[in-house]
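Here is the structure we will look at.
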Amino acid sequence: MPVNTIRWVNGKVRIIDQTRLPHKLIYRDIKDVQSMREAIKKLRVRGAPAIGVAGAFGVLLGIKNERPKNYREFKKKIDSAIKSLASSRPTAVNLFWALERMRRCAEGNAKRPLTQAKKLLLEEAFSIMKEDRDICRRMASFGAKLIKSGDRILTHCNAGGLATVDYGTALGALFKAKKEGKRIKVFVDETRPLLQGARLTTWELKREGIDVTLICDNMAASLMEKGLIDKVFVGADRIARNGDVANKIGTYNLAVLARYHKIPFYVVAPESTFDFRLSSGKKIPIEQRGEDEVREILGKKIAPKNIKVYNPAFDITPGRLVTAIVTEKGIFRRRRKGTFSDFHICTR
Ligand code: MRU
């Protein structure tokens, strides 16, 4: 059963506050653009497709109580909301993709009465949300084809319902496989520093009755060496033209380990996660986050005060380490060498 990650309720955006999971399932009503920016920045709402949807509804928060005199004033409010939301997090391209759709919708309806333009913007945000639902289901069906009964799968961070508005990306494939009656066992990296794997992915998999085992991030190599992992499934925050994948820090480690141990490494992501303007992953902006996230675990200090910290939120997995990318259009397998255009679609 998907979780209600994001909803539009009486002119507010109701989100699950993901910083409180797994111990408390708390919903928060976001009423203005600044609070939405803060919610995205602090990872109350997180995961590439989910922040796209949150951003789209965030734009509406910027105009819902405004009474602009003309289109120019209306557009100024929209542009300012988009600018603020776009400055929340830099890596997941879905956010910019959704904000761009909202901008285009406003510009495409410039000649209409403002009340109607507002209504059309709300419809656009709902379309983005509905599309995400449909896309999750399609990706899940393709992804599940890569899973067979008995598989032991490793995943990283959270690419589930909480990272989308429905079934998830990588976890969607696992949910679908389970639904098809396949027996699977899932290992979840805790995913330091913010523990999305330990807090969110285990919670989602357990809810669905999937056999789940939590491991520390540094245990993957040992499990692979012992022959306990058959496949790796992860999501993505941005994919460049050559198939390089930005995803949660630590994903690259897994891809290197998977290649060494000859384990297939699958990425599941919607087309809105592709950034075809970028020729390689080197051009993907990587978010640097606060130092205390590393000095602390869930607010508890674990390192000497003021110790120097390096805290990139994402890393880049070279496309050549990716066995296949699953999108809503199908499974794209990599040819022996080349760019993403050399990934070719196939059904298995
Ligand atoms: O920092 P987060 O929790 O937003 O990072 C999320 C991830 O890295 C996910 O793997 C990614 O967004 C894909 S989820 C569908």
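Numbering starts fresh at 1 for the residues of each chain in the structure tokens, the chains themselves are lettered A, B, ... in the order given, and ligands are numbered from 1 as they appear.
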Closest atom pairs, chain A residues within 6 Å of ligand 1, only C-alpha atoms and all ligand atoms, as a tab-separated table:
residue	atom	partner	partner_atom_place_in_ligand_line	distance
A:Arg46	CA	ligand 1	4 (O)	4.1
A:Gly47	CA	ligand 1	12 (O)	3.5
A:Ala48	CA	ligand 1	12 (O)	3.8
A:Pro49	CA	ligand 1	15 (C)	5.9
A:Cys157	CA	ligand 1	10 (O)	5.4
A:Asn158	CA	ligand 1	10 (O)	5.3
A:Ala159	CA	ligand 1	14 (S)	3.6
A:Ala163	CA	ligand 1	15 (C)	4.8
A:Thr164	CA	ligand 1	15 (C)	5.9
A:Gly168	CA	ligand 1	15 (C)	5.7
A:Thr169	CA	ligand 1	15 (C)	4.9
A:Gly235	CA	ligand 1	13 (C)	3.9
A:Ala236	CA	ligand 1	13 (C)	4.2
A:Asp237	CA	ligand 1	12 (O)	4.7
A:Asn247	CA	ligand 1	8 (O)	4.5
A:Lys248	CA	ligand 1	8 (O)	3.6
**OP:** Using backbone DSSP assignments, extract all strand (DSSP E or B) residues from range 92-197 of chain A; output them as JSON, numbers by chain.
**Re:** {"A": [152, 153, 154, 155, 185, 186, 187, 188, 189]}
Using only C-alpha atoms, what table do you get, as a tab-separated table, when you list each residue of range 183-287 of chain A with an atom no more than 9 Å from range 1-20 of chain A, its nearest pair of atoms, and their distance in Å rounded to one decimal, rows by chain then rising number?
residue	atom	partner	partner_atom	distance
A:Leu194	CA	A:Thr19	CA	9.0
A:Gln196	CA	A:Gln18	CA	9.0
A:Arg199	CA	A:Thr19	CA	8.8
A:Leu200	CA	A:Gln18	CA	7.7
A:Glu204	CA	A:Val3	CA	8.6
A:Arg207	CA	A:Met1	CA	8.3
A:Glu208	CA	A:Met1	CA	7.2
Would you give me, as a PDB file with N, CA and C atoms, in the first residue's frame, the residues in range 115-157 of chain A that DSSP reads as alpha helix (DSSP H)?
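Result file follows (out_0.pdb):
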ATOM      1  N   THR A 115      -7.811  34.139 -12.541  1.00  0.00           N
ATOM      2  CA  THR A 115      -8.430  33.053 -11.750  1.00  0.00           C
ATOM      3  C   THR A 115      -8.329  31.739 -12.529  1.00  0.00           C
ATOM      4  N   GLN A 116      -8.509  31.849 -13.843  1.00  0.00           N
ATOM      5  CA  GLN A 116      -8.428  30.633 -14.663  1.00  0.00           C
ATOM      6  C   GLN A 116      -6.980  30.136 -14.754  1.00  0.00           C
ATOM      7  N   ALA A 117      -6.051  31.067 -14.886  1.00  0.00           N
ATOM      8  CA  ALA A 117      -4.623  30.685 -14.957  1.00  0.00           C
ATOM      9  C   ALA A 117      -4.210  29.962 -13.668  1.00  0.00           C
ATOM     10  N   LYS A 118      -4.722  30.462 -12.529  1.00  0.00           N
ATOM     11  CA  LYS A 118      -4.428  29.833 -11.228  1.00  0.00           C
ATOM     12  C   LYS A 118      -4.958  28.400 -11.208  1.00  0.00           C
ATOM     13  N   LYS A 119      -6.188  28.261 -11.712  1.00  0.00           N
ATOM     14  CA  LYS A 119      -6.825  26.935 -11.725  1.00  0.00           C
ATOM     15  C   LYS A 119      -6.006  25.966 -12.600  1.00  0.00           C
ATOM     16  N   LEU A 120      -5.513  26.499 -13.723  1.00  0.00           N
ATOM     17  CA  LEU A 120      -4.740  25.642 -14.626  1.00  0.00           C
ATOM     18  C   LEU A 120      -3.395  25.250 -14.008  1.00  0.00           C
ATOM     19  N   LEU A 121      -2.844  26.151 -13.205  1.00  0.00           N
ATOM     20  CA  LEU A 121      -1.594  25.808 -12.513  1.00  0.00           C
ATOM     21  C   LEU A 121      -1.824  24.701 -11.487  1.00  0.00           C
ATOM     22  N   LEU A 122      -2.982  24.787 -10.802  1.00  0.00           N
ATOM     23  CA  LEU A 122      -3.305  23.726  -9.840  1.00  0.00           C
ATOM     24  C   LEU A 122      -3.461  22.397 -10.591  1.00  0.00           C
ATOM     25  N   GLU A 123      -4.129  22.473 -11.742  1.00  0.00           N
ATOM     26  CA  GLU A 123      -4.292  21.242 -12.550  1.00  0.00           C
ATOM     27  C   GLU A 123      -2.944  20.687 -12.996  1.00  0.00           C
ATOM     28  N   GLU A 124      -2.017  21.592 -13.335  1.00  0.00           N
ATOM     29  CA  GLU A 124      -0.693  21.141 -13.777  1.00  0.00           C
ATOM     30  C   GLU A 124       0.030  20.403 -12.633  1.00  0.00           C
ATOM     31  N   ALA A 125      -0.075  20.962 -11.423  1.00  0.00           N
ATOM     32  CA  ALA A 125       0.576  20.302 -10.277  1.00  0.00           C
ATOM     33  C   ALA A 125      -0.055  18.919 -10.053  1.00  0.00           C
ATOM     34  N   PHE A 126      -1.387  18.849 -10.169  1.00  0.00           N
ATOM     35  CA  PHE A 126      -2.045  17.537 -10.021  1.00  0.00           C
ATOM     36  C   PHE A 126      -1.613  16.570 -11.118  1.00  0.00           C
ATOM     37  N   SER A 127      -1.411  17.096 -12.351  1.00  0.00           N
ATOM     38  CA  SER A 127      -0.957  16.210 -13.447  1.00  0.00           C
ATOM     39  C   SER A 127       0.421  15.650 -13.128  1.00  0.00           C
ATOM     40  N   ILE A 128       1.312  16.522 -12.623  1.00  0.00           N
ATOM     41  CA  ILE A 128       2.668  16.058 -12.293  1.00  0.00           C
ATOM     42  C   ILE A 128       2.579  14.940 -11.251  1.00  0.00           C
ATOM     43  N   MET A 129       1.670  15.126 -10.283  1.00  0.00           N
ATOM     44  CA  MET A 129       1.526  14.113  -9.231  1.00  0.00           C
ATOM     45  C   MET A 129       0.948  12.819  -9.813  1.00  0.00           C
ATOM     46  N   LYS A 130      -0.082  12.956 -10.634  1.00  0.00           N
ATOM     47  CA  LYS A 130      -0.722  11.758 -11.192  1.00  0.00           C
ATOM     48  C   LYS A 130       0.243  11.012 -12.109  1.00  0.00           C
ATOM     49  N   GLU A 131       0.996  11.791 -12.918  1.00  0.00           N
ATOM     50  CA  GLU A 131       1.966  11.146 -13.814  1.00  0.00           C
ATOM     51  C   GLU A 131       2.979  10.343 -13.005  1.00  0.00           C
ATOM     52  N   ASP A 132       3.405  10.922 -11.869  1.00  0.00           N
ATOM     53  CA  ASP A 132       4.392  10.206 -11.058  1.00  0.00           C
ATOM     54  C   ASP A 132       3.828   8.859 -10.615  1.00  0.00           C
ATOM     55  N   ARG A 133       2.523   8.858 -10.244  1.00  0.00           N
ATOM     56  CA  ARG A 133       1.885   7.592  -9.832  1.00  0.00           C
ATOM     57  C   ARG A 133       1.943   6.570 -10.963  1.00  0.00           C
ATOM     58  N   ASP A 134       1.511   7.003 -12.149  1.00  0.00           N
ATOM     59  CA  ASP A 134       1.447   6.060 -13.281  1.00  0.00           C
ATOM     60  C   ASP A 134       2.845   5.558 -13.640  1.00  0.00           C
ATOM     61  N   ILE A 135       3.787   6.499 -13.624  1.00  0.00           N
ATOM     62  CA  ILE A 135       5.166   6.160 -13.997  1.00  0.00           C
ATOM     63  C   ILE A 135       5.749   5.143 -13.010  1.00  0.00           C
ATOM     64  N   CYS A 136       5.475   5.358 -11.714  1.00  0.00           N
ATOM     65  CA  CYS A 136       5.969   4.405 -10.688  1.00  0.00           C
ATOM     66  C   CYS A 136       5.489   2.999 -11.028  1.00  0.00           C
ATOM     67  N   ARG A 137       4.207   2.889 -11.384  1.00  0.00           N
ATOM     68  CA  ARG A 137       3.653   1.550 -11.665  1.00  0.00           C
ATOM     69  C   ARG A 137       4.331   0.920 -12.879  1.00  0.00           C
ATOM     70  N   ARG A 138       4.549   1.762 -13.912  1.00  0.00           N
ATOM     71  CA  ARG A 138       5.171   1.205 -15.136  1.00  0.00           C
ATOM     72  C   ARG A 138       6.615   0.791 -14.866  1.00  0.00           C
ATOM     73  N   MET A 139       7.353   1.632 -14.129  1.00  0.00           N
ATOM     74  CA  MET A 139       8.748   1.273 -13.806  1.00  0.00           C
ATOM     75  C   MET A 139       8.773  -0.013 -12.988  1.00  0.00           C
ATOM     76  N   ALA A 140       7.827  -0.124 -12.053  1.00  0.00           N
ATOM     77  CA  ALA A 140       7.792  -1.305 -11.176  1.00  0.00           C
ATOM     78  C   ALA A 140       7.590  -2.569 -12.006  1.00  0.00           C
ATOM     79  N   SER A 141       6.701  -2.495 -13.000  1.00  0.00           N
ATOM     80  CA  SER A 141       6.442  -3.692 -13.828  1.00  0.00           C
ATOM     81  C   SER A 141       7.689  -4.092 -14.605  1.00  0.00           C
ATOM     82  N   PHE A 142       8.371  -3.098 -15.180  1.00  0.00           N
ATOM     83  CA  PHE A 142       9.605  -3.439 -15.919  1.00  0.00           C
ATOM     84  C   PHE A 142      10.682  -3.940 -14.950  1.00  0.00           C
ATOM     85  N   GLY A 143      10.826  -3.236 -13.825  1.00  0.00           N
ATOM     86  CA  GLY A 143      11.873  -3.597 -12.864  1.00  0.00           C
ATOM     87  C   GLY A 143      11.679  -5.004 -12.321  1.00  0.00           C
ATOM     88  N   ALA A 144      10.417  -5.374 -12.084  1.00  0.00           N
ATOM     89  CA  ALA A 144      10.139  -6.698 -11.499  1.00  0.00           C
ATOM     90  C   ALA A 144      10.569  -7.824 -12.437  1.00  0.00           C
TER      91      ALA A 144
END
Subject >> Nearby residues (only C-alpha atoms) at most 12 Å from Trp203 in chain A, same-chain spacing under 2 positions excluded, as a ChimeraX atom specification >> reply: /A:3,18,20-25,158,160-162,171,188,190,195-201,205-214
**OP:** Considering only C-alpha atoms, state which residue in the set A:Leu85, A:Ala313, A:Arg28, A:Lys69 is at the smallest distance from Ala54 in chain A.
**Re:**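 Using only C-alpha atoms, Ala54 in chain A sits closest to A:Leu85.
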Subject >> Test item: residues at most 8 Å from Met224 in chain A, only C-alpha atoms, excluding those fewer than 5 positions along its chain, as an MDAnalysis selection string >> reply: chainID A and resid 229 257:258 261
**OP:** Have a look at CA of Ala170 in chain A and CA of Tyr266 in chain A and let me know their distance in Å, one decimal.
**Re:**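 Spanning CA of Ala170 in chain A to CA of Tyr266 in chain A is a straight-line distance of 8.4 Å.
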**OP:** Would you kindly return, as a list in words, each protein, DNA or RNA residue with an atom no farther than 9 Å from any atom of Lys75 in chain A, considering only C-alpha atoms and excluding same-chain residues fewer than 6 positions away?
**Re:**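 Contacts, with the query itself left out: Arg103, Ala106, Glu107 and Ala110 of chain A.
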**OP:** Using only C-alpha atoms, pick whichever of A:Val165, A:Ile284, A:Ile263, A:Val59 has the shortest atom-to-atom distance to Asp244 in chain A.
**Re:**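 Closest residue, counting only C-alpha atoms: A:Ile284.
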Original post:
Looking at A:Arg89, A:Lys282, A:Arg241, A:Lys185, which one is nearest to Val45 in chain A, with distances taken over only C-alpha atoms?
Top reply: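 Checking each of A:Arg89, A:Lys282, A:Arg241, A:Lys185 against Val45 in chain A, counting only C-alpha atoms, the winner is A:Arg89.
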Subject >> Contacts of Asp292 in chain A at 10 Å (only C-alpha atoms; same-chain gap of 2+ positions) as a list in words >> reply: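 Everything that qualifies: Pro193, Arg289, Gly290, Val294, Arg295, Glu296, Ile297, Leu298, Gly299, Lys300, Lys301, Ile302, Ala303, Lys305, Asn306, Ile307, Lys308, Val309 and Asn311 of chain A.
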Pull N, CA and C atoms from the residues just selected and write them as a compact mmCIF listing (two decimals), in the first residue's frame.
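Written output follows (again36.txt):
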# COMPACT_ATOMS: atom_id res chain seq x y z
N PRO A 193 24.91 9.96 6.13
CA PRO A 193 24.71 10.40 7.51
C PRO A 193 23.25 10.46 8.00
N ARG A 289 26.26 19.28 2.32
CA ARG A 289 25.35 19.55 3.43
C ARG A 289 26.12 19.90 4.72
N GLY A 290 25.36 20.26 5.73
CA GLY A 290 25.93 20.77 6.98
C GLY A 290 26.87 19.77 7.66
N VAL A 294 27.33 14.94 9.99
CA VAL A 294 28.34 13.88 10.10
C VAL A 294 28.86 13.78 11.54
N ARG A 295 28.93 14.95 12.21
CA ARG A 295 29.44 14.94 13.60
C ARG A 295 28.43 14.31 14.56
N GLU A 296 27.16 14.22 14.09
CA GLU A 296 26.10 13.73 14.98
C GLU A 296 25.36 12.58 14.33
N ILE A 297 24.71 11.77 15.16
CA ILE A 297 23.73 10.81 14.63
C ILE A 297 22.42 11.10 15.34
N LEU A 298 21.41 11.44 14.56
CA LEU A 298 20.09 11.80 15.10
C LEU A 298 20.22 12.78 16.27
N GLY A 299 21.04 13.79 16.07
CA GLY A 299 21.16 14.86 17.07
C GLY A 299 22.14 14.55 18.19
N LYS A 300 22.69 13.33 18.24
CA LYS A 300 23.62 12.99 19.32
C LYS A 300 25.06 13.13 18.80
N LYS A 301 25.86 13.91 19.52
CA LYS A 301 27.24 14.14 19.07
C LYS A 301 28.05 12.86 19.16
N ILE A 302 28.80 12.57 18.07
CA ILE A 302 29.61 11.34 18.06
C ILE A 302 31.08 11.62 17.76
N ALA A 303 31.42 12.89 17.56
CA ALA A 303 32.81 13.21 17.17
C ALA A 303 33.25 14.44 17.94
N LYS A 305 34.09 18.07 19.00
CA LYS A 305 33.51 19.34 18.60
C LYS A 305 34.39 19.99 17.52
N ASN A 306 33.77 20.54 16.51
CA ASN A 306 34.47 21.28 15.45
C ASN A 306 35.41 20.44 14.59
N ILE A 307 35.33 19.11 14.70
CA ILE A 307 36.18 18.29 13.83
C ILE A 307 35.83 18.62 12.37
N LYS A 308 36.86 18.63 11.51
CA LYS A 308 36.59 18.96 10.10
C LYS A 308 35.73 17.88 9.47
N VAL A 309 34.84 18.28 8.59
CA VAL A 309 33.89 17.34 8.01
C VAL A 309 33.79 17.55 6.50
N ASN A 311 30.92 16.50 3.61
CA ASN A 311 29.59 15.91 3.59
C ASN A 311 28.83 16.13 2.27
Original post:
Between A:Asp151, A:Lys182, A:Ile82, A:Pro68, which is the closest to Arg104 in chain A once you count only C-alpha atoms?
Top reply: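 Of A:Asp151, A:Lys182, A:Ile82, A:Pro68, the one nearest Arg104 in chain A is A:Ile82, counting only C-alpha atoms.
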